[in-house]
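Shown below: entry08.txt, with compact mmCIF, C-alpha atoms and all ligand atoms.
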```txt
# COMPACT_ATOMS: atom_id res chain seq x y z
CA MET A 98 -1.56 -5.45 -6.01
CA TYR A 99 -3.32 -8.79 -6.45
CA VAL A 100 -7.12 -9.05 -6.29
CA ASP A 101 -8.74 -12.47 -5.88
CA ILE A 102 -12.52 -12.29 -6.42
CA GLY A 103 -13.10 -16.06 -6.34
CA ASN A 104 -14.88 -16.00 -2.98
CA ALA A 105 -17.14 -13.15 -4.09
CA LEU A 106 -18.93 -15.41 -6.59
CA ASP A 107 -21.86 -17.72 -5.89
CA ALA A 108 -22.19 -16.59 -2.27
CA GLU A 109 -25.03 -14.68 -0.65
CA PRO A 110 -25.85 -12.04 -1.96
CA ARG A 111 -25.40 -14.10 -5.11
CA LEU A 112 -23.12 -12.88 -7.89
CA THR A 113 -22.20 -15.18 -10.74
CA ARG A 114 -19.35 -15.11 -13.20
CA ALA A 115 -21.89 -14.79 -15.99
CA THR A 116 -23.25 -11.65 -14.33
CA LEU A 117 -19.76 -10.19 -14.12
CA GLU A 118 -19.18 -10.99 -17.78
CA ARG A 119 -22.34 -9.08 -18.69
CA LEU A 120 -21.31 -6.22 -16.41
CA ASP A 121 -17.92 -6.17 -18.14
CA GLU A 122 -19.50 -4.47 -21.16
CA ARG A 123 -20.43 -1.55 -18.89
CA VAL A 124 -16.95 -1.62 -17.38
CA ALA A 125 -15.50 -1.08 -20.86
CA ASP A 126 -17.72 1.98 -21.39
CA ALA A 127 -16.88 3.28 -17.91
CA HIS A 128 -13.18 2.84 -18.59
CA ASP A 129 -13.52 4.91 -21.76
CA ARG A 130 -15.25 7.68 -19.79
CA ILE A 131 -12.58 7.54 -17.10
CA GLU A 132 -9.78 7.72 -19.65
CA ARG A 133 -11.46 10.70 -21.33
CA GLY A 134 -11.78 12.38 -17.94
CA ARG A 135 -8.10 11.73 -17.25
CA ALA A 136 -7.07 13.06 -20.65
CA ASP A 137 -8.99 16.25 -19.92
CA ALA A 138 -7.64 16.39 -16.33
CA ALA A 139 -11.32 16.81 -15.43
CA HIS A 140 -12.27 17.39 -11.80
CA GLY A 141 -11.78 14.17 -9.85
CA TYR A 142 -10.44 12.14 -12.77
CA ALA A 143 -7.25 14.22 -12.46
CA ALA A 144 -6.53 12.23 -9.29
CA LEU A 145 -5.83 9.18 -11.44
CA ASN A 146 -3.09 11.15 -13.20
CA LEU A 147 -1.14 11.83 -9.99
CA PRO A 148 1.52 9.17 -10.67
CA ASP A 149 2.66 11.46 -13.47
CA THR A 150 1.49 14.90 -12.34
CA ALA A 151 2.69 14.77 -8.72
CA ASP A 152 5.97 16.65 -8.26
CA PRO A 153 8.18 14.71 -5.83
CA ASP A 154 11.02 17.21 -6.29
CA ALA A 155 8.78 20.05 -5.06
CA VAL A 156 7.81 17.94 -2.07
CA ARG A 157 11.42 17.16 -1.22
CA ALA A 158 12.45 20.80 -1.68
CA ALA A 159 9.70 21.89 0.69
CA VAL A 160 10.74 19.51 3.46
CA ASP A 161 14.51 19.64 3.03
CA ARG A 162 14.60 23.01 4.83
CA PHE A 163 13.58 21.29 8.11
CA ASP A 164 16.61 20.01 9.97
CA ASP A 165 15.90 16.36 10.80
CA PRO A 166 12.88 16.95 13.08
CA ALA A 167 11.86 14.53 15.82
CA ALA A 168 8.16 14.81 14.99
CA VAL A 169 5.78 15.95 12.31
CA LEU A 170 2.28 17.09 13.15
CA THR A 171 -0.34 17.01 10.39
CA VAL A 172 -3.08 19.54 11.05
CA GLY A 173 -5.98 18.87 8.71
CA ILE A 174 -9.19 16.86 8.50
CA GLY A 175 -10.80 14.35 6.15
CA GLY A 176 -8.75 13.78 3.05
CA SER A 177 -6.36 16.51 4.21
CA ALA A 178 -5.22 14.33 7.11
CA LEU A 179 -6.07 10.68 6.41
CA GLY A 180 -3.67 10.26 3.51
CA ALA A 181 -0.74 11.44 5.62
CA ALA A 182 -1.84 9.29 8.54
CA THR A 183 -2.09 6.28 6.26
CA LEU A 184 1.35 6.78 4.73
CA ALA A 185 3.00 7.48 8.09
CA GLU A 186 1.51 4.41 9.74
CA ALA A 187 2.00 2.05 6.79
CA LEU A 188 5.61 3.06 6.09
CA GLY A 189 6.70 3.76 9.65
CA GLY A 190 8.56 6.75 10.93
CA ASP A 191 12.22 5.73 10.77
CA GLY A 192 12.84 7.85 13.87
CA LEU A 193 10.27 10.51 12.98
CA ASP A 194 7.08 10.42 15.06
CA HIS A 195 3.92 11.36 13.18
CA TYR A 196 0.94 12.92 14.93
CA VAL A 197 -2.39 13.97 13.49
CA LEU A 198 -4.72 16.71 14.67
CA ASP A 199 -7.90 16.03 12.71
CA ASN A 200 -10.44 16.65 15.41
CA VAL A 201 -11.23 19.45 17.85
CA ASP A 202 -11.53 17.50 21.06
CA PRO A 203 -9.94 19.91 23.57
CA ALA A 204 -8.75 17.17 25.91
CA HIS A 205 -6.97 15.39 23.06
CA VAL A 206 -5.47 18.59 21.63
CA ASP A 207 -4.27 19.64 25.09
CA ALA A 208 -2.68 16.27 25.82
CA LEU A 209 -1.02 16.13 22.42
CA LEU A 210 0.47 19.61 22.67
CA ASP A 211 1.78 18.77 26.14
CA SER A 212 3.57 15.73 24.72
CA LEU A 213 5.00 17.26 21.53
CA PRO A 214 8.63 18.46 21.36
CA LEU A 215 7.39 21.71 19.84
CA GLY A 216 10.85 23.04 19.10
CA ASP A 217 11.67 19.91 17.13
CA THR A 218 8.32 19.39 15.39
CA VAL A 219 7.36 20.27 11.84
CA VAL A 220 3.74 21.34 11.52
CA HIS A 221 2.18 20.47 8.16
CA VAL A 222 -1.12 22.34 8.01
CA VAL A 223 -3.28 21.19 5.11
CA SER A 224 -6.52 22.54 3.80
CA ARG A 225 -7.57 22.81 0.16
CA SER A 226 -10.21 25.44 0.94
CA GLY A 227 -8.28 27.14 3.72
CA THR A 228 -11.63 27.64 5.47
CA THR A 229 -12.19 24.38 7.36
CA ALA A 230 -12.98 25.43 10.91
CA GLU A 231 -11.43 22.44 12.64
CA THR A 232 -8.13 22.77 10.79
CA LEU A 233 -7.81 26.53 11.22
CA ALA A 234 -8.82 26.42 14.89
CA ASN A 235 -6.31 23.68 15.63
CA PHE A 236 -3.57 25.48 13.75
CA LEU A 237 -4.15 28.72 15.67
CA ILE A 238 -3.86 26.76 18.93
CA VAL A 239 -0.69 24.97 17.81
CA ARG A 240 0.81 28.30 16.72
CA GLU A 241 0.02 29.87 20.09
CA ALA A 242 1.51 26.87 21.92
CA MET A 243 4.73 27.31 19.92
CA ASP A 244 4.77 31.02 20.73
CA ARG A 245 4.35 30.26 24.43
CA ALA A 246 7.18 27.74 24.21
CA GLY A 247 9.41 30.34 22.61
CA VAL A 248 9.45 28.45 19.31
CA ASP A 249 9.42 30.43 16.07
CA TRP A 250 6.42 28.73 14.47
CA THR A 251 7.15 30.33 11.10
CA ARG A 252 10.30 28.21 10.90
CA ARG A 253 8.46 25.01 11.86
CA THR A 254 5.43 25.27 9.56
CA LEU A 255 4.73 23.97 6.06
CA VAL A 256 1.43 24.88 4.40
CA THR A 257 -0.38 22.91 1.71
CA THR A 258 -3.46 24.66 0.45
CA GLY A 259 -5.46 25.84 -2.54
CA ALA A 260 -4.81 28.87 -4.72
CA ASP A 261 -6.43 31.26 -2.25
CA GLY A 262 -8.05 31.33 1.18
CA ASN A 263 -6.91 31.91 4.74
CA LEU A 264 -3.94 29.54 4.69
CA ARG A 265 -2.64 30.96 1.42
CA GLU A 266 -2.92 34.43 2.93
CA LEU A 267 -1.18 33.29 6.12
CA ALA A 268 1.66 31.72 4.12
CA ALA A 269 2.13 34.90 2.12
CA ARG A 270 1.98 37.13 5.20
CA HIS A 271 4.60 35.14 7.08
CA ASP A 272 6.62 33.92 4.09
CA LEU A 273 5.88 30.28 4.97
CA PRO A 274 6.86 27.45 2.61
CA ALA A 275 3.68 26.52 0.78
CA LEU A 276 2.78 23.64 -1.51
CA ASP A 277 -0.20 23.66 -3.82
CA VAL A 278 -3.07 21.23 -3.44
CA PRO A 279 -3.31 19.79 -6.97
CA ALA A 280 -6.18 21.14 -9.04
CA GLY A 281 -9.07 18.77 -9.68
CA VAL A 282 -8.12 16.34 -6.91
CA PRO A 283 -10.69 15.96 -4.11
CA GLY A 284 -9.18 15.53 -0.64
CA ARG A 285 -10.06 11.85 -0.35
CA PHE A 286 -8.16 11.19 -3.59
CA SER A 287 -5.10 13.27 -2.65
CA ALA A 288 -2.91 10.84 -0.67
CA LEU A 289 -0.46 10.57 -3.58
CA SER A 290 0.01 14.34 -3.79
CA THR A 291 1.46 17.34 -1.92
CA VAL A 292 -1.30 16.77 0.64
CA ALA A 293 0.31 13.67 2.12
CA LEU A 294 3.67 13.03 0.41
CA PRO A 295 5.54 15.60 2.59
CA VAL A 296 5.04 13.36 5.62
CA ALA A 297 6.57 10.42 3.74
CA ALA A 298 9.44 12.58 2.47
CA LEU A 299 10.17 13.96 5.97
CA ALA A 300 10.53 10.38 7.19
CA GLY A 301 12.99 9.68 4.40
CA HIS A 302 10.69 7.36 2.48
CA ASP A 303 11.05 6.89 -1.27
CA VAL A 304 8.29 9.09 -2.69
CA ASP A 305 9.25 8.03 -6.21
CA ALA A 306 8.60 4.39 -5.29
CA LEU A 307 5.16 5.32 -3.91
CA LEU A 308 4.34 6.93 -7.25
CA ASP A 309 5.87 4.01 -9.15
CA GLY A 310 3.51 1.65 -7.36
CA ALA A 311 0.58 3.90 -8.20
CA ARG A 312 1.73 4.05 -11.80
CA ALA A 313 1.88 0.26 -11.97
CA GLU A 314 -1.81 0.12 -11.09
CA ALA A 315 -2.59 2.97 -13.48
CA ASP A 316 -0.94 1.00 -16.25
CA ARG A 317 -3.28 -1.91 -15.50
CA LEU A 318 -6.51 0.04 -15.93
CA ALA A 319 -8.18 -1.65 -18.89
CA GLY A 320 -11.46 -2.07 -20.71
CA SER A 321 -12.19 -5.30 -18.85
CA LEU A 322 -12.50 -6.00 -15.14
CA PHE A 323 -10.79 -9.31 -15.80
CA ASP A 324 -7.64 -7.44 -16.87
CA SER A 325 -7.49 -4.83 -14.11
CA PRO A 326 -7.22 -5.61 -10.38
CA ALA A 327 -8.61 -2.20 -9.43
CA TYR A 328 -11.57 -2.52 -11.77
CA ALA A 329 -12.19 -6.11 -10.69
CA TYR A 330 -12.54 -4.89 -7.12
CA GLY A 331 -14.70 -1.89 -8.00
CA ALA A 332 -16.99 -3.91 -10.25
CA VAL A 333 -17.45 -6.73 -7.72
CA CYS A 334 -18.22 -4.24 -4.94
CA TYR A 335 -20.77 -2.50 -7.15
CA ALA A 336 -22.39 -5.73 -8.40
CA LEU A 337 -22.68 -7.14 -4.88
CA GLU A 338 -24.12 -3.90 -3.51
CA ARG A 339 -26.74 -3.97 -6.26
CA ARG A 340 -27.62 -7.47 -5.01
CA GLY A 341 -27.84 -6.55 -1.34
CA ALA A 342 -24.28 -6.20 -0.01
CA ALA A 343 -24.92 -2.78 1.48
CA ILE A 344 -21.85 -3.05 3.71
CA ASN A 345 -18.21 -3.53 2.73
CA ALA A 346 -16.05 -4.48 5.71
CA MET A 347 -12.44 -3.49 5.06
CA VAL A 348 -10.26 -5.82 7.12
CA PRO A 349 -6.51 -5.37 6.77
CA TYR A 350 -4.40 -8.07 8.41
CA ALA A 351 -1.62 -5.67 9.36
CA GLU A 352 -1.56 -3.18 12.22
CA SER A 353 0.24 -0.75 9.91
CA LEU A 354 -2.81 -0.66 7.63
CA GLU A 355 -5.33 0.30 10.32
CA TYR A 356 -5.36 3.92 9.18
CA PHE A 357 -5.66 2.67 5.59
CA ALA A 358 -9.08 1.24 6.54
CA GLU A 359 -10.12 4.66 7.87
CA TRP A 360 -8.81 6.34 4.71
CA PHE A 361 -10.74 3.79 2.63
CA ALA A 362 -13.89 4.51 4.64
CA GLN A 363 -13.80 8.20 3.68
CA LEU A 364 -12.95 7.41 0.06
CA TRP A 365 -15.81 4.90 -0.27
CA ALA A 366 -18.48 6.66 1.80
CA GLU A 367 -17.91 10.23 0.65
CA SER A 368 -17.56 9.24 -3.03
CA LEU A 369 -20.35 6.69 -3.36
CA GLY A 370 -22.94 7.71 -0.74
CA LYS A 371 -25.17 9.76 -3.05
CA ASP A 372 -28.86 9.77 -4.15
CA ALA A 373 -29.85 7.16 -1.57
CA VAL A 374 -27.33 4.60 -2.88
CA GLY A 375 -23.82 3.61 -1.82
CA GLN A 376 -22.02 0.91 0.11
CA THR A 377 -21.25 1.47 3.80
CA PRO A 378 -17.57 0.86 4.63
CA ALA A 379 -17.05 -0.87 7.96
CA ARG A 380 -13.56 -0.72 9.48
CA ALA A 381 -12.07 -3.76 11.11
CA LEU A 382 -8.62 -5.22 11.77
CA GLY A 383 -7.34 -8.77 11.45
CA ALA A 384 -6.75 -10.84 13.53
CA THR A 385 -8.25 -8.72 16.34
CA ASP A 386 -11.77 -8.49 14.92
CA GLN A 387 -12.02 -12.24 14.58
CA HIS A 388 -12.78 -11.95 18.28
CA SER A 389 -15.34 -9.24 17.69
CA GLN A 390 -17.08 -8.29 14.45
CA LEU A 391 -16.53 -11.59 12.66
CA GLN A 392 -19.53 -13.04 14.51
CA LEU A 393 -21.79 -10.48 12.78
CA TYR A 394 -20.08 -10.81 9.41
CA ARG A 395 -20.53 -14.57 9.45
CA ALA A 396 -23.89 -15.02 11.14
CA GLY A 397 -25.65 -11.68 10.83
CA PRO A 398 -27.73 -10.28 7.96
CA ARG A 399 -26.67 -11.35 4.46
CA ASP A 400 -25.87 -7.76 3.54
CA LYS A 401 -22.05 -7.72 3.58
CA LEU A 402 -18.95 -8.08 1.50
CA VAL A 403 -15.73 -8.57 3.45
CA THR A 404 -12.47 -7.30 1.95
CA LEU A 405 -9.39 -9.00 3.37
CA VAL A 406 -6.02 -7.29 2.79
CA ARG A 407 -2.56 -8.61 3.58
CA PRO A 408 1.07 -8.46 2.49
CA ARG A 409 2.48 -11.69 1.07
CA GLU A 410 5.74 -10.99 2.87
CA ARG A 411 5.82 -9.87 6.50
CA PRO A 412 8.20 -10.15 9.49
CA ARG A 413 7.98 -13.54 11.15
CA ILE A 414 9.06 -13.26 14.87
CA PRO A 415 9.49 -16.84 16.13
CA ILE A 416 7.23 -18.18 18.90
CA PRO A 417 9.30 -19.92 21.57
CA GLU A 418 8.88 -23.64 22.17
CA THR A 419 7.04 -24.62 25.35
CA ASP A 420 6.70 -27.68 27.57
CA LEU A 421 2.90 -27.24 27.62
CA ASP A 422 1.47 -29.93 25.32
CA GLY A 423 -1.55 -27.79 24.52
CA LEU A 424 0.67 -25.03 23.10
CA ALA A 425 3.10 -27.27 21.24
CA TYR A 426 1.48 -26.32 17.92
CA LEU A 427 2.56 -22.69 18.44
CA GLY A 428 6.14 -23.25 19.55
CA GLY A 429 8.65 -23.15 16.75
CA GLY A 430 6.26 -21.30 14.47
CA SER A 431 6.10 -17.51 14.13
CA LEU A 432 3.65 -14.66 14.64
CA GLY A 433 3.68 -14.05 10.90
CA ASP A 434 2.72 -17.68 10.29
CA LEU A 435 -0.01 -17.38 12.93
CA LEU A 436 -1.43 -14.19 11.43
CA ASP A 437 -1.38 -15.67 7.92
CA ALA A 438 -3.06 -18.85 9.14
CA GLU A 439 -5.76 -16.75 10.77
CA PHE A 440 -6.17 -14.71 7.58
CA ARG A 441 -6.72 -17.85 5.53
CA ALA A 442 -8.94 -19.43 8.19
CA THR A 443 -11.14 -16.33 8.39
CA GLU A 444 -11.36 -16.18 4.61
CA ALA A 445 -12.45 -19.85 4.53
CA SER A 446 -14.79 -19.30 7.47
CA LEU A 447 -16.59 -16.52 5.56
CA ALA A 448 -16.77 -18.65 2.40
CA ALA A 449 -18.16 -21.57 4.39
CA ALA A 450 -20.88 -19.25 5.69
CA ASN A 451 -21.59 -18.08 2.13
CA CYS A 452 -20.42 -14.56 2.93
CA PRO A 453 -18.82 -12.99 -0.17
CA ASN A 454 -15.24 -11.90 0.38
CA VAL A 455 -12.39 -10.53 -1.72
CA ARG A 456 -8.68 -11.05 -1.06
CA ILE A 457 -6.34 -8.14 -1.81
CA GLU A 458 -2.62 -8.82 -1.47
CA LEU A 459 0.52 -6.74 -1.78
CA ASP A 460 4.00 -8.17 -2.17
CA ARG A 461 4.93 -6.28 1.00
CA ILE A 462 3.93 -3.12 2.85
CA ASP A 463 6.56 -0.79 1.43
CA GLU A 464 6.39 2.38 -0.66
CA ARG A 465 5.61 0.54 -3.88
CA GLY A 466 3.01 -1.70 -2.29
CA VAL A 467 1.26 1.19 -0.53
CA GLY A 468 1.26 3.19 -3.76
CA GLU A 469 -0.36 0.25 -5.56
CA LEU A 470 -2.97 -0.17 -2.83
CA LEU A 471 -3.99 3.50 -2.53
CA TYR A 472 -4.14 4.04 -6.28
CA GLY A 473 -5.94 0.73 -6.78
CA MET A 474 -8.66 1.64 -4.28
CA GLU A 475 -9.05 5.10 -5.81
CA ALA A 476 -9.46 3.62 -9.30
CA ALA A 477 -11.86 1.00 -7.97
CA CYS A 478 -13.90 3.78 -6.38
CA VAL A 479 -14.00 5.81 -9.59
CA LEU A 480 -15.18 2.79 -11.55
CA TYR A 481 -17.87 2.00 -8.97
CA GLY A 482 -19.07 5.60 -9.17
CA GLU A 483 -19.25 5.37 -12.99
CA LEU A 484 -21.24 2.13 -12.82
CA ALA A 485 -23.54 3.54 -10.12
CA GLY A 486 -24.01 6.79 -12.04
CA VAL A 487 -23.25 8.99 -9.03
CA GLU A 488 -21.27 12.23 -8.67
CA THR A 489 -18.16 10.51 -7.29
CA PHE A 490 -16.13 13.66 -6.73
CA THR A 491 -18.51 15.93 -4.82
CA GLN A 492 -19.69 15.85 -1.20
CA PRO A 493 -22.70 18.18 -0.89
CA ALA A 494 -24.14 16.30 2.06
CA VAL A 495 -21.25 17.27 4.34
CA GLU A 496 -21.86 20.98 3.78
CA TRP A 497 -25.17 21.17 5.67
CA GLY A 498 -23.60 20.41 9.06
CA LYS A 499 -20.76 22.83 8.42
CA ARG A 500 -23.18 25.69 7.79
CA ALA A 501 -25.18 24.77 10.90
CA ALA A 502 -22.04 24.76 13.04
CA ARG A 503 -20.84 28.07 11.64
CA GLY A 504 -24.26 29.58 12.24
CA LEU A 505 -24.23 28.39 15.85
CA LEU A 506 -20.82 30.03 16.28
CA GLY A 507 -21.94 33.31 14.80
CA GLY A 508 -19.98 32.68 11.59
CA GLY A 509 -22.87 33.68 9.38
CA ASP A 510 -26.62 33.61 9.00
CA PHE A 511 -27.40 30.00 8.05
CA GLU A 512 -30.90 28.56 8.11
CA GLU A 513 -29.35 25.21 9.00
CA ALA A 514 -28.45 26.66 12.38
CA ASP A 515 -32.11 27.47 12.96
CA ALA A 516 -32.98 23.83 12.46
CA VAL A 517 -30.65 22.91 15.32
CA GLY A 518 -32.96 24.72 17.74
CA GLU A 519 -35.97 22.74 16.52
CA LYS A 520 -34.62 19.41 17.78
CA ARG A 521 -37.28 16.98 18.99
CA ARG A 522 -36.50 16.16 22.61
CA LEU A 523 -37.33 13.09 24.65
CA VAL A 524 -34.77 12.92 27.43
CA VAL A 525 -34.68 9.76 29.51
CA ASP A 526 -32.61 10.27 32.66
O1 LIG A 601 -8.95 20.36 2.64
P1 LIG A 601 -10.14 21.07 3.22
O2 LIG A 601 -10.71 22.11 2.32
O3 LIG A 601 -9.83 21.62 4.60
O4 LIG A 601 -11.30 19.97 3.41
C1 LIG A 601 -11.09 18.93 4.32
C2 LIG A 601 -12.21 17.91 4.19
O5 LIG A 601 -13.43 18.51 4.53
C3 LIG A 601 -14.45 18.54 3.57
O6 LIG A 601 -15.60 18.82 4.31
C4 LIG A 601 -14.69 17.24 2.84
O7 LIG A 601 -15.63 16.44 3.51
C5 LIG A 601 -13.47 16.40 2.71
O8 LIG A 601 -13.51 15.71 1.48
C6 LIG A 601 -12.22 17.24 2.82
O9 LIG A 601 -11.09 16.41 2.69
```
Starting from the coordinates I provided, produce the structure as structure tokens.
Ligand SMILES: O=P(O)(O)OC[C@H]1O[C@H](O)[C@H](O)[C@@H](O)[C@@H]1O
Amino acid sequence: MYVDIGNALDAEPRLTRATLERLDERVADAHDRIERGRADAAHGYAALNLPDTADPDAVRAAVDRFDDPAAVLTVGIGGSALGAATLAEALGGDGLDHYVLDNVDPAHVDALLDSLPLGDTVVHVVSRSGTTAETLANFLIVREAMDRAGVDWTRRTLVTTGADGNLRELAARHDLPALDVPAGVPGRFSALSTVALPVAALAGHDVDALLDGARAEADRLAGSLFDSPAYAYGAVCYALERRGAAINAMVPYAESLEYFAEWFAQLWAESLGKDAVGQTPARALGATDQHSQLQLYRAGPRDKLVTLVRPRERPRIPIPETDLDGLAYLGGGSLGDLLDAEFRATEASLAAANCPNVRIELDRIDERGVGELLYGMEAACVLYGELAGVETFTQPAVEWGKRAARGLLGGGDFEEADAVGEKRRLVVD
């Protein structure tokens, strides 16, 4: 992973090299704390040990029992689904279609179940707690659909869950293959673990190469942001947010990294949005959003950092020559050249408008590159959290809504549910 922070300096909000050099002293201290946390496998910090603690053999053993399925369905939500979705989209399916059920929209669930070859689908149901209502509800519906289709769901289901809870009990009761969610790894930091790696393994991807890429970034964590791409990114994001860049627009220039932007949004928002601070991740896609959000990024409030991500190598696909003079500049080139030209033009366009932007590049979007990117963003997030002094690895604010929903459904006596009834109403119809 390569991180170029040149365009983040001397823009607006203003961040200077001298400021970064002063901040680097705090980066050194933060790195020491992070390394101590890793050494102790402390909650959250343990995620940065996954290149060495993940067990690819256990993942392969768990999926090898499934006989070359046509589809895999991940049933989970948040970090229990987005890692798998990111890996599946970035690496491709190689003949295996990946679907995600990470919402409880009945129309969507109904349409998806109608389209799935249930007898040839592996269901990977993932929940650390084993209590998440959306995941359990969806799984019960998928299981019933398999029953109705005459499919033995117990032979099509892999469970990944915590040490106890409903899913652990279900796996024991029906003798389902079950993987353990790694201890001390919050869901949004679990893409390089049993939570998401089974999807990559089922598609025949090189899980070891994913972990090798992650390890390469782990090996580059250092006591200076100028020596570590991940820390350079985390420190620049933090320093710019402190100076007014309240929004970080994540803009991958690759369709296969669209889910990565959504994964990044959970990682960044759920880790750093604490105590009235944080940096709001916006999700965009290059080149498409040059015809959309770029107008705001370039000419709107000076409150943004734009992160541009691309592979240095990508397919080319030649553009045919044409007899239309106005299109002659396209003919003979390639889509890859066009996309790269637009990447560089957008980067320059943002710099010309004094909008700070960072370039992140991979050699290519393969297992190693994706491992580098995911680990690099996780390490950047951990550093940012250390510099901001927030509880990076908890998410108390998401619990309120869960209790309210459970109360509304009769799942317990929660005062949050009472508050739902007190809604101020002003209906305009
Ligand atoms: O894995 P689970 O226990 O089902 O949790 C799934 C997701 O829901 C929680 O509310 C958190 O917001 C996420 O960080 C987590 O990934």
Protein and nucleic residues near ligand LIG 601 (chain A), 7 Å, all atoms listed in the file, as a list in words: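 Sorted by chain and then by number, the residues are Gly173, Ile174, Gly175, Gly176, Ser177, Val223, Ser224, Arg225, Ser226, Gly227, Thr228, Thr229, Thr232, Pro283, Gly284, Arg285, Gln492, Val495 and Glu496 of chain A.
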Separation of atom CA of Gly341 of chain A from atom CA of Asp400 of chain A, in Å and rounded to one decimal: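 That distance, rounded to one decimal, is 5.4 Å.
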All residues 12 Å or closer to Ala313 of chain A, all atoms listed in the file, same chain fewer than 6 positions away omitted, as a PyMOL selection string: chain A and resi 98-99+145+148-149+306-307+325-327+465-473
Centre and size of axis-aligned box enclosing segment 380-385 of chain A plus 5 Å each side, as JSON:
```
{"center_x": -10.2, "center_y": -5.8, "center_z": 12.9, "size_x": 16.8, "size_y": 20.1, "size_z": 16.9}
```
Best match for closeness to Tyr330 of chain A among A:Leu402, A:Ala379, A:Leu210, A:Leu369, counting all atoms listed in the file: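 Of all the options, A:Leu402 lies closest to Tyr330 of chain A.
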Which of A:Ala311, A:His140, A:Pro453, A:Ile462 sits closest to Glu488 of chain A [using only C-alpha atoms]: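 Using only C-alpha atoms, the shortest distance to Glu488 of chain A belongs to A:His140.
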Coordinates-based distance that separates atom CA of Leu364 of chain A from atom CA of Glu475 of chain A (Å, one decimal):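 Interatomic distance, atom CA of Glu475 of chain A to atom CA of Leu364 of chain A: 7.4 Å.
Atom to atom, atom CA of Glu231 of chain A and atom CA of Arg500 of chain A stand 13.1 Å apart.
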Polymer residues at most 8 Å from Val172 of chain A, all atoms listed in the file, same-chain spacing of 5 or more positions, as a PyMOL selection string: chain A and resi 178+197-199+220-223+232+235-236
Residues within 10 Å of (-10.9, 7.2, 4.4), file coords, all atoms listed in the file, listed as a list of chain:residue names: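 In the file's frame, the residues around the point are A:Gly175, A:Gly176, A:Ala178, A:Leu179, A:Gly180, A:Thr183, A:Gly284, A:Arg285, A:Phe286, A:Tyr356, A:Phe357, A:Ala358, A:Glu359, A:Trp360, A:Phe361, A:Ala362, A:Gln363, A:Leu364, A:Trp365, A:Ala366, A:Glu367, A:Pro378, A:Arg380.
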